[in-house]
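Shown next: structure02.txt, containing compact mmCIF, C-alpha atoms and all ligand atoms.
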# COMPACT_ATOMS: atom_id res chain seq x y z
CA MET V 1 4.18 9.30 24.57
CA HIS V 2 1.73 12.18 24.97
CA ASP V 3 -1.74 11.22 26.12
CA ASP V 4 -3.27 13.71 23.70
CA MET V 5 -1.49 12.05 20.76
CA GLN V 6 -2.82 8.68 21.89
CA THR V 7 -6.36 10.04 22.27
CA ASP V 8 -6.35 11.88 18.93
CA ILE V 9 -5.04 8.95 16.95
CA ALA V 10 -7.42 6.49 18.64
CA ARG V 11 -10.40 8.77 17.91
CA ARG V 12 -9.39 9.37 14.28
CA LEU V 13 -8.89 5.65 13.75
CA ALA V 14 -12.29 4.82 15.25
CA GLU V 15 -14.04 7.36 13.00
CA LEU V 16 -12.12 6.18 9.96
CA ARG V 17 -13.00 2.53 10.60
CA GLU V 18 -16.68 3.54 10.77
CA GLU V 19 -16.45 5.27 7.40
CA ILE V 20 -14.54 2.41 5.81
CA GLY V 21 -17.15 -0.03 7.10
CA ALA V 22 -19.98 2.14 5.76
CA ALA V 23 -18.39 2.36 2.29
CA ALA V 24 -17.72 -1.39 2.29
CA ARG V 25 -21.37 -2.12 3.11
CA GLU V 26 -22.46 0.34 0.40
CA SER V 27 -20.36 -1.66 -2.06
CA GLY V 28 -22.09 -4.88 -0.99
CA ARG V 29 -19.28 -6.11 1.22
CA GLY V 30 -18.45 -6.10 4.92
CA ALA V 31 -16.07 -3.96 6.94
CA GLY V 32 -13.74 -6.96 7.22
CA ASP V 33 -13.31 -7.06 3.44
CA VAL V 34 -11.22 -3.87 3.40
CA THR V 35 -7.80 -3.79 5.05
CA LEU V 36 -6.65 -0.46 6.44
CA VAL V 37 -2.94 0.22 6.01
CA ALA V 38 -1.87 3.21 8.14
CA VAL V 39 0.81 5.05 6.16
CA SER V 40 3.20 6.38 8.80
CA LYS V 41 5.99 7.86 6.66
CA TRP V 42 7.67 10.87 8.29
CA HIS V 43 5.70 10.36 11.50
CA PRO V 44 7.63 9.29 14.60
CA ALA V 45 7.63 5.76 15.98
CA ALA V 46 5.58 7.10 18.93
CA ALA V 47 2.70 7.86 16.54
CA VAL V 48 2.85 4.30 15.18
CA ARG V 49 2.84 2.96 18.72
CA ALA V 50 -0.24 5.08 19.52
CA ALA V 51 -2.07 3.65 16.49
CA ALA V 52 -1.00 0.13 17.45
CA LEU V 53 -2.38 0.65 20.96
CA ALA V 54 -5.65 1.62 19.28
CA GLY V 55 -5.69 -1.76 17.51
CA GLN V 56 -4.08 -0.90 14.16
CA ARG V 57 -1.89 -3.77 12.83
CA ASP V 58 -0.90 -2.85 9.25
CA PHE V 59 1.46 0.07 8.57
CA GLY V 60 2.92 1.45 5.34
CA GLU V 61 6.31 3.10 4.94
CA ASN V 62 7.87 4.76 1.88
CA TYR V 63 11.54 5.04 2.79
CA VAL V 64 13.56 1.92 3.48
CA GLN V 65 15.90 3.32 6.14
CA GLU V 66 13.08 5.03 8.01
CA ALA V 67 11.00 1.86 7.85
CA LEU V 68 13.75 -0.40 9.19
CA ALA V 69 14.46 1.99 12.08
CA LYS V 70 10.78 1.99 13.11
CA GLN V 71 10.51 -1.77 12.72
CA ASP V 72 13.45 -2.24 15.07
CA GLU V 73 12.18 0.30 17.58
CA LEU V 74 8.68 -1.24 17.58
CA ALA V 75 9.68 -4.90 17.28
CA ASP V 76 7.83 -5.71 20.52
CA LEU V 77 4.48 -4.91 18.86
CA GLY V 78 4.57 -7.58 16.11
CA LEU V 79 3.22 -5.19 13.46
CA ARG V 80 2.67 -5.94 9.78
CA TRP V 81 4.72 -3.60 7.58
CA HIS V 82 3.97 -2.74 3.95
CA PHE V 83 6.43 -1.09 1.60
CA THR V 84 4.52 1.67 -0.23
CA GLY V 85 7.34 3.90 -1.51
CA ALA V 86 9.26 4.16 -4.76
CA LEU V 87 11.40 1.04 -5.12
CA GLN V 88 15.01 1.42 -6.12
CA THR V 89 17.14 -1.52 -7.18
CA ASN V 90 19.98 -0.46 -4.87
CA LYS V 91 17.61 -0.65 -1.86
CA ALA V 92 16.14 -4.05 -2.73
CA LYS V 93 18.67 -5.83 -0.53
CA PHE V 94 17.03 -4.32 2.58
CA LEU V 95 13.56 -5.62 1.79
CA PRO V 96 13.66 -9.45 2.11
CA GLY V 97 11.95 -10.70 5.25
CA ARG V 98 11.00 -7.21 6.42
CA PHE V 99 7.62 -6.48 4.80
CA VAL V 100 4.42 -8.52 4.58
CA LEU V 101 3.64 -6.81 1.26
CA VAL V 102 5.78 -4.89 -1.22
CA GLN V 103 3.16 -2.76 -2.99
CA THR V 104 5.19 -0.89 -5.61
CA LEU V 105 6.80 -3.36 -7.98
CA ASP V 106 6.74 -1.69 -11.40
CA SER V 107 9.46 -3.11 -13.62
CA LEU V 108 11.01 -6.40 -14.63
CA LYS V 109 14.41 -5.10 -13.60
CA LEU V 110 13.15 -4.46 -10.05
CA ALA V 111 11.41 -7.82 -9.93
CA ARG V 112 14.59 -9.64 -10.96
CA THR V 113 16.73 -7.70 -8.49
CA LEU V 114 14.29 -8.37 -5.66
CA HIS V 115 14.15 -12.03 -6.69
CA ASP V 116 17.95 -12.29 -6.49
CA ARG V 117 18.00 -10.60 -3.09
CA ILE V 118 15.27 -12.82 -1.64
CA ALA V 119 16.99 -15.93 -2.95
CA ALA V 120 20.39 -14.81 -1.60
CA ALA V 121 18.88 -14.09 1.83
CA CYS V 122 16.95 -17.40 1.83
CA ALA V 123 14.01 -15.21 2.90
CA PRO V 124 10.40 -16.47 2.80
CA VAL V 125 8.26 -16.00 -0.31
CA GLN V 126 7.46 -12.29 -0.66
CA ASP V 127 3.91 -11.12 -1.38
CA VAL V 128 3.96 -8.28 -3.92
CA LEU V 129 1.60 -5.95 -5.75
CA ILE V 130 2.31 -4.45 -9.14
CA GLU V 131 1.85 -0.66 -9.21
CA VAL V 132 0.03 0.54 -12.31
CA ASN V 133 0.35 4.02 -13.79
CA LEU V 134 -3.29 4.46 -14.78
CA ALA V 135 -3.25 8.02 -16.00
CA ARG V 136 -0.13 7.57 -18.15
CA GLU V 137 1.69 10.23 -16.18
CA SER V 138 5.19 10.08 -17.57
CA GLN V 139 6.92 11.23 -14.38
CA LYS V 140 5.03 8.86 -12.11
CA ALA V 141 5.89 5.43 -10.80
CA GLY V 142 3.97 2.41 -12.00
CA VAL V 143 3.97 0.17 -15.05
CA ALA V 144 2.05 1.30 -18.13
CA GLU V 145 -1.15 -0.64 -18.81
CA ALA V 146 0.26 -2.06 -22.02
CA GLU V 147 3.20 -3.59 -20.17
CA LEU V 148 1.18 -4.92 -17.25
CA PRO V 149 0.35 -8.39 -18.64
CA GLY V 150 3.98 -9.13 -19.52
CA LEU V 151 5.25 -7.96 -16.15
CA ALA V 152 2.53 -9.88 -14.28
CA GLU V 153 3.41 -13.10 -16.13
CA ALA V 154 7.10 -12.63 -15.40
CA VAL V 155 6.48 -11.92 -11.70
CA ALA V 156 4.07 -14.85 -11.43
CA GLY V 157 6.90 -17.03 -12.75
CA LEU V 158 9.37 -16.07 -10.00
CA GLU V 159 9.31 -18.64 -7.21
CA THR V 160 10.55 -16.14 -4.62
CA MET V 161 7.42 -14.00 -4.83
CA ARG V 162 3.67 -14.30 -4.91
CA LEU V 163 1.71 -11.78 -6.95
CA ALA V 164 -1.22 -10.80 -4.72
CA GLY V 165 -2.81 -8.03 -6.79
CA LEU V 166 -2.49 -4.47 -8.03
CA MET V 167 -1.89 -1.02 -6.56
CA ALA V 168 -2.41 2.48 -7.95
CA LEU V 169 -2.02 6.10 -6.97
CA PRO V 170 -4.22 8.32 -9.15
CA PRO V 171 -3.18 11.87 -10.10
CA PHE V 172 -3.55 14.35 -7.26
CA ASP V 173 -4.94 17.03 -9.55
CA LEU V 174 -8.11 15.00 -10.17
CA ALA V 175 -11.00 15.52 -7.74
CA PRO V 176 -11.86 12.37 -5.76
CA GLU V 177 -15.07 11.73 -7.77
CA ALA V 178 -13.10 12.08 -11.01
CA ARG V 179 -10.77 9.31 -9.84
CA ARG V 180 -13.56 6.73 -9.76
CA PRO V 181 -13.11 5.67 -13.40
CA LEU V 182 -9.41 5.05 -12.69
CA PHE V 183 -10.24 2.92 -9.66
CA ALA V 184 -12.76 1.00 -11.78
CA ARG V 185 -10.07 0.55 -14.42
CA LEU V 186 -7.64 -0.98 -11.92
CA ARG V 187 -10.33 -3.48 -10.92
CA GLU V 188 -10.91 -4.39 -14.59
CA LEU V 189 -7.19 -4.85 -15.12
CA ARG V 190 -7.06 -7.12 -12.07
CA ASP V 191 -10.04 -9.16 -13.34
CA GLY V 192 -8.36 -9.52 -16.74
CA LEU V 193 -5.11 -10.68 -15.18
CA GLU V 194 -6.94 -13.26 -13.07
CA LEU V 195 -8.28 -14.83 -16.27
CA ARG V 196 -4.93 -14.62 -17.99
CA LEU V 197 -2.96 -16.13 -15.10
CA GLY V 198 -5.71 -18.55 -14.11
CA ARG V 199 -5.62 -17.68 -10.45
CA ARG V 200 -6.98 -15.18 -7.97
CA LEU V 201 -5.35 -11.81 -7.33
CA PRO V 202 -7.24 -10.82 -4.19
CA VAL V 203 -5.66 -7.47 -3.35
CA LEU V 204 -6.69 -4.14 -4.93
CA SER V 205 -4.75 -1.46 -3.04
CA MET V 206 -6.27 1.92 -3.86
CA GLY V 207 -7.65 4.88 -1.91
CA MET V 208 -6.01 7.38 0.44
CA THR V 209 -7.21 10.09 2.85
CA ASP V 210 -9.13 12.05 0.21
CA ASP V 211 -10.57 9.26 -1.89
CA PHE V 212 -10.84 6.02 0.09
CA ARG V 213 -14.65 6.11 -0.14
CA GLN V 214 -14.61 6.27 -3.93
CA ALA V 215 -11.94 3.56 -4.08
CA ILE V 216 -13.93 1.21 -1.83
CA LEU V 217 -17.09 1.78 -3.89
CA GLU V 218 -15.05 0.64 -6.92
CA GLY V 219 -13.79 -2.49 -5.20
CA ALA V 220 -10.69 -1.60 -3.15
CA THR V 221 -9.76 -4.40 -0.73
CA MET V 222 -6.96 -2.33 0.82
CA VAL V 223 -6.77 1.41 1.51
CA ARG V 224 -3.57 3.26 2.43
CA ILE V 225 -4.26 6.19 4.72
CA GLY V 226 -1.85 8.57 6.44
CA THR V 227 -3.04 12.13 7.03
CA ARG V 228 -6.50 11.18 8.27
CA ILE V 229 -4.96 9.06 11.03
CA PHE V 230 -1.77 10.89 11.96
CA GLY V 231 -2.51 14.48 10.90
CA ALA V 232 -0.39 16.51 8.48
CA ARG V 233 3.03 15.01 7.83
CA PRO V 234 5.85 16.78 9.69
CA GLN V 235 8.61 18.19 7.48
CA LYS V 236 11.54 15.83 7.16
C1 LIG S 1 1.73 8.92 1.61
C2 LIG S 1 1.02 7.85 0.88
C3 LIG S 1 -0.29 7.47 1.24
C4 LIG S 1 -1.10 8.18 2.31
O1 LIG S 1 -1.53 9.43 1.86
P1 LIG S 1 -2.56 10.32 2.71
O2 LIG S 1 -3.11 11.28 1.72
O3 LIG S 1 -1.75 11.00 3.78
O4 LIG S 1 -3.61 9.44 3.27
C5 LIG S 1 -0.85 6.40 0.57
N1 LIG S 1 -0.19 5.73 -0.40
C6 LIG S 1 1.05 6.07 -0.77
C7 LIG S 1 1.73 5.30 -1.84
C8 LIG S 1 1.69 7.15 -0.16
O5 LIG S 1 2.92 7.47 -0.56

Using the file provided, produce a representation of the structure as structure tokens.
Amino acid sequence: MHDDMQTDIARRLAELREEIGAAARESGRGAGDVTLVAVSKWHPAAAVRAAALAGQRDFGENYVQEALAKQDELADLGLRWHFTGALQTNKAKFLPGRFVLVQTLDSLKLARTLHDRIAAACAPVQDVLIEVNLARESQKAGVAEAELPGLAEAVAGLETMRLAGLMALPPFDLAPEARRPLFARLRELRDGLELRLGRRLPVLSMGMTDDFRQAILEGATMVRIGTRIFGARPQK
């Protein structure tokens, strides 16, 4: 590993943690109330190792094969892996037992497939988030608001998984400040579901490199950040 990569990533992480802590305090919480997930898709395992050496524990990956390869290569580090990519039913069989949190559940079909795969693998209960399509972008992943309560009830009824909260990815063409109402909306949806299901849904995963501050001010408990930590993503 290059020393300059190690130094750069450690410095960026330290600065980022400062800013996350400041935003958390501004929102009336503490730095420990916001989990930083370092999204390492397309970056080499060496970059993940550098971040781990700088104290980072939680990492997000979007592509199953790439994620499994890095997990195997970095098994000595005992990292916590999150699945943050588009979920496909034909890839669900690779997920059980591999990720602390699957963040992108967005249909009943996927939930049932994942349930079957977890049961077949006798894997531990899987923590999941439901991804919500807040801006009603037809081409984007995420369940529509109107279908969220039904999906949440169905997922909450599957004994192989534990619904931990909600995730969203606002439209890129909105300026970070303009995304605040969408972040606030995700928090409202979470609060509504807590009442409906009669239990806590502690995780609100929202905020990336450009908008983590706004997301934290609106209640994010988890931010998913790639570019700010690792630099621009290399071409695949
Ligand atoms: C790539 C990605 C991120 C990180 O984006 P950056 O802008 O590089 O911080 C966060 N969440 C998801 C779902 C992603 O796909």

Go through V:Leu68, V:Leu129, V:Val203, V:Leu158 one by one, measure the shortest atom-to-atom distance of each to His115 of chain V using only C-alpha atoms, and give the residue with the smallest value. V:Leu158

Can you work out which one of V:Arg12, V:Arg190, V:Arg17, V:Arg233 has the shortest atom-to-atom distance to Ser40 of chain V, counting only C-alpha atoms?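 Of V:Arg12, V:Arg190, V:Arg17, V:Arg233, the one nearest Ser40 of chain V is V:Arg233, counting only C-alpha atoms.
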
Å distance separating atom CA of Glu153 of chain V from atom CA of Val125 of chain V, one decimal place: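 Pair atom CA of Glu153 of chain V / atom CA of Val125 of chain V returns 16.8 Å.
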
Residues at most 9 Å from Arg162 of chain V, counting only C-alpha atoms, excluding those fewer than 5 positions away in the same chain, as a PyMOL selection string? chain V and resi 125-129+155-157

For segment 166-168 of chain V: contacts at 7 Å, all atoms listed in the file, fewer than 5 positions along chain excluded, given as a list in words: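 The residues that qualify are Gln103, Leu129, Ile130, Glu131, Val132, Asn133, Arg190, Val203, Leu204, Ser205 and Met206 of chain V.
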
Wanna dump the chain V-ligand LIG 1 (chain S) contacts at 9 Å for me, each residue with its shortest atom pair and the distance in Å to one decimal, counting all atoms listed in the file, ordered by chain and number, as a Markdown table?
| residue | atom | partner | partner_atom | distance |
| --- | --- | --- | --- | --- |
| V:Val37 | CA | S:LIG1 | C5 | 8.5 |
| V:Ala38 | CA | S:LIG1 | C4 | 7.7 |
| V:Val39 | CA | S:LIG1 | C4 | 5.3 |
| V:Ser40 | CA | S:LIG1 | C1 | 7.8 |
| V:Lys41 | CA | S:LIG1 | C1 | 6.7 |
| V:Gly60 | CA | S:LIG1 | N1 | 7.8 |
| V:Glu61 | CA | S:LIG1 | O5 | 7.8 |
| V:Asn62 | CA | S:LIG1 | O5 | 6.1 |
| V:Phe83 | CA | S:LIG1 | C7 | 8.6 |
| V:Thr84 | CA | S:LIG1 | C7 | 4.9 |
| V:Gly85 | CA | S:LIG1 | O5 | 5.8 |
| V:Ala86 | CA | S:LIG1 | C7 | 8.2 |
| V:Gln103 | CA | S:LIG1 | C7 | 8.3 |
| V:Thr104 | CA | S:LIG1 | C7 | 8.0 |
| V:Met167 | CA | S:LIG1 | C7 | 8.7 |
| V:Ala168 | CA | S:LIG1 | C7 | 7.9 |
| V:Leu169 | CA | S:LIG1 | C7 | 6.4 |
| V:Ser205 | CA | S:LIG1 | N1 | 8.9 |
| V:Met206 | CA | S:LIG1 | N1 | 8.0 |
| V:Gly207 | CA | S:LIG1 | C5 | 7.4 |
| V:Met208 | CA | S:LIG1 | O4 | 4.2 |
| V:Thr209 | CA | S:LIG1 | O4 | 3.7 |
| V:Asp210 | CA | S:LIG1 | O2 | 6.3 |
| V:Asp211 | CA | S:LIG1 | O2 | 8.5 |
| V:Phe212 | CA | S:LIG1 | O4 | 8.6 |
| V:Val223 | CA | S:LIG1 | C5 | 7.8 |
| V:Arg224 | CA | S:LIG1 | C5 | 4.6 |
| V:Ile225 | CA | S:LIG1 | O4 | 3.6 |
| V:Gly226 | CA | S:LIG1 | O3 | 3.6 |
| V:Thr227 | CA | S:LIG1 | O3 | 3.7 |
| V:Arg228 | CA | S:LIG1 | O4 | 6.0 |
| V:Ile229 | CA | S:LIG1 | O4 | 7.9 |
| V:Phe230 | CA | S:LIG1 | O3 | 8.2 |
| V:Gly231 | CA | S:LIG1 | O3 | 8.0 |
| V:Ala232 | CA | S:LIG1 | O3 | 7.4 |
| V:Arg233 | CA | S:LIG1 | O3 | 7.4 |

From atom CA of Arg57 of chain V to atom CA of Phe94 of chain V the spacing works out at 21.5 Å

(-11.3, -8.8, 3.7) in this file's frame - what residues fall within 12 Å of it? Use only C-alpha atoms and give the answer as a PDB file with C-alpha atoms, in the frame of the given file.
ATOM      1  CA  ILE V  20     -14.540   2.410   5.810  1.00  0.00           C
ATOM      2  CA  GLY V  21     -17.150  -0.030   7.100  1.00  0.00           C
ATOM      3  CA  ALA V  24     -17.720  -1.390   2.290  1.00  0.00           C
ATOM      4  CA  ARG V  29     -19.280  -6.110   1.220  1.00  0.00           C
ATOM      5  CA  GLY V  30     -18.450  -6.100   4.920  1.00  0.00           C
ATOM      6  CA  ALA V  31     -16.070  -3.960   6.940  1.00  0.00           C
ATOM      7  CA  GLY V  32     -13.740  -6.960   7.220  1.00  0.00           C
ATOM      8  CA  ASP V  33     -13.310  -7.060   3.440  1.00  0.00           C
ATOM      9  CA  VAL V  34     -11.220  -3.870   3.400  1.00  0.00           C
ATOM     10  CA  THR V  35      -7.800  -3.790   5.050  1.00  0.00           C
ATOM     11  CA  LEU V  36      -6.650  -0.460   6.440  1.00  0.00           C
ATOM     12  CA  PRO V 202      -7.240 -10.820  -4.190  1.00  0.00           C
ATOM     13  CA  VAL V 203      -5.660  -7.470  -3.350  1.00  0.00           C
ATOM     14  CA  LEU V 204      -6.690  -4.140  -4.930  1.00  0.00           C
ATOM     15  CA  SER V 205      -4.750  -1.460  -3.040  1.00  0.00           C
ATOM     16  CA  ILE V 216     -13.930   1.210  -1.830  1.00  0.00           C
ATOM     17  CA  GLY V 219     -13.790  -2.490  -5.200  1.00  0.00           C
ATOM     18  CA  ALA V 220     -10.690  -1.600  -3.150  1.00  0.00           C
ATOM     19  CA  THR V 221      -9.760  -4.400  -0.730  1.00  0.00           C
ATOM     20  CA  MET V 222      -6.960  -2.330   0.820  1.00  0.00           C
ATOM     21  CA  VAL V 223      -6.770   1.410   1.510  1.00  0.00           C
TER      22      VAL V 223
END

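Atom pair atom CA of Arg80 of chain V / atom CA of Ala152 of chain V has a distance of 24.4 Å (rounded to one decimal).
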
Edge lengths and centre, in Å to one decimal, as lines of an AutoDock Vina configuration file: that's what I need for the box along x, y and z that holds all listed atoms of segment 34-42 of chain V plus 6 Å on each side.
center_x = -1.8
center_y = 3.5
center_z = 6.1
size_x = 30.9
size_y = 26.7
size_z = 17.4

Which residue of V:Pro124, V:Arg136, V:Val143, V:Trp81 approaches Lys109 of chain V most closely, using only C-alpha atoms: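 Once distances to Lys109 of chain V are computed over only C-alpha atoms, the minimum belongs to V:Val143.
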
Nearest residue to Ala47 of chain V out of V:Leu105, V:Ala123, V:Met5, V:Ala135, using all atoms listed in the file? V:Met5
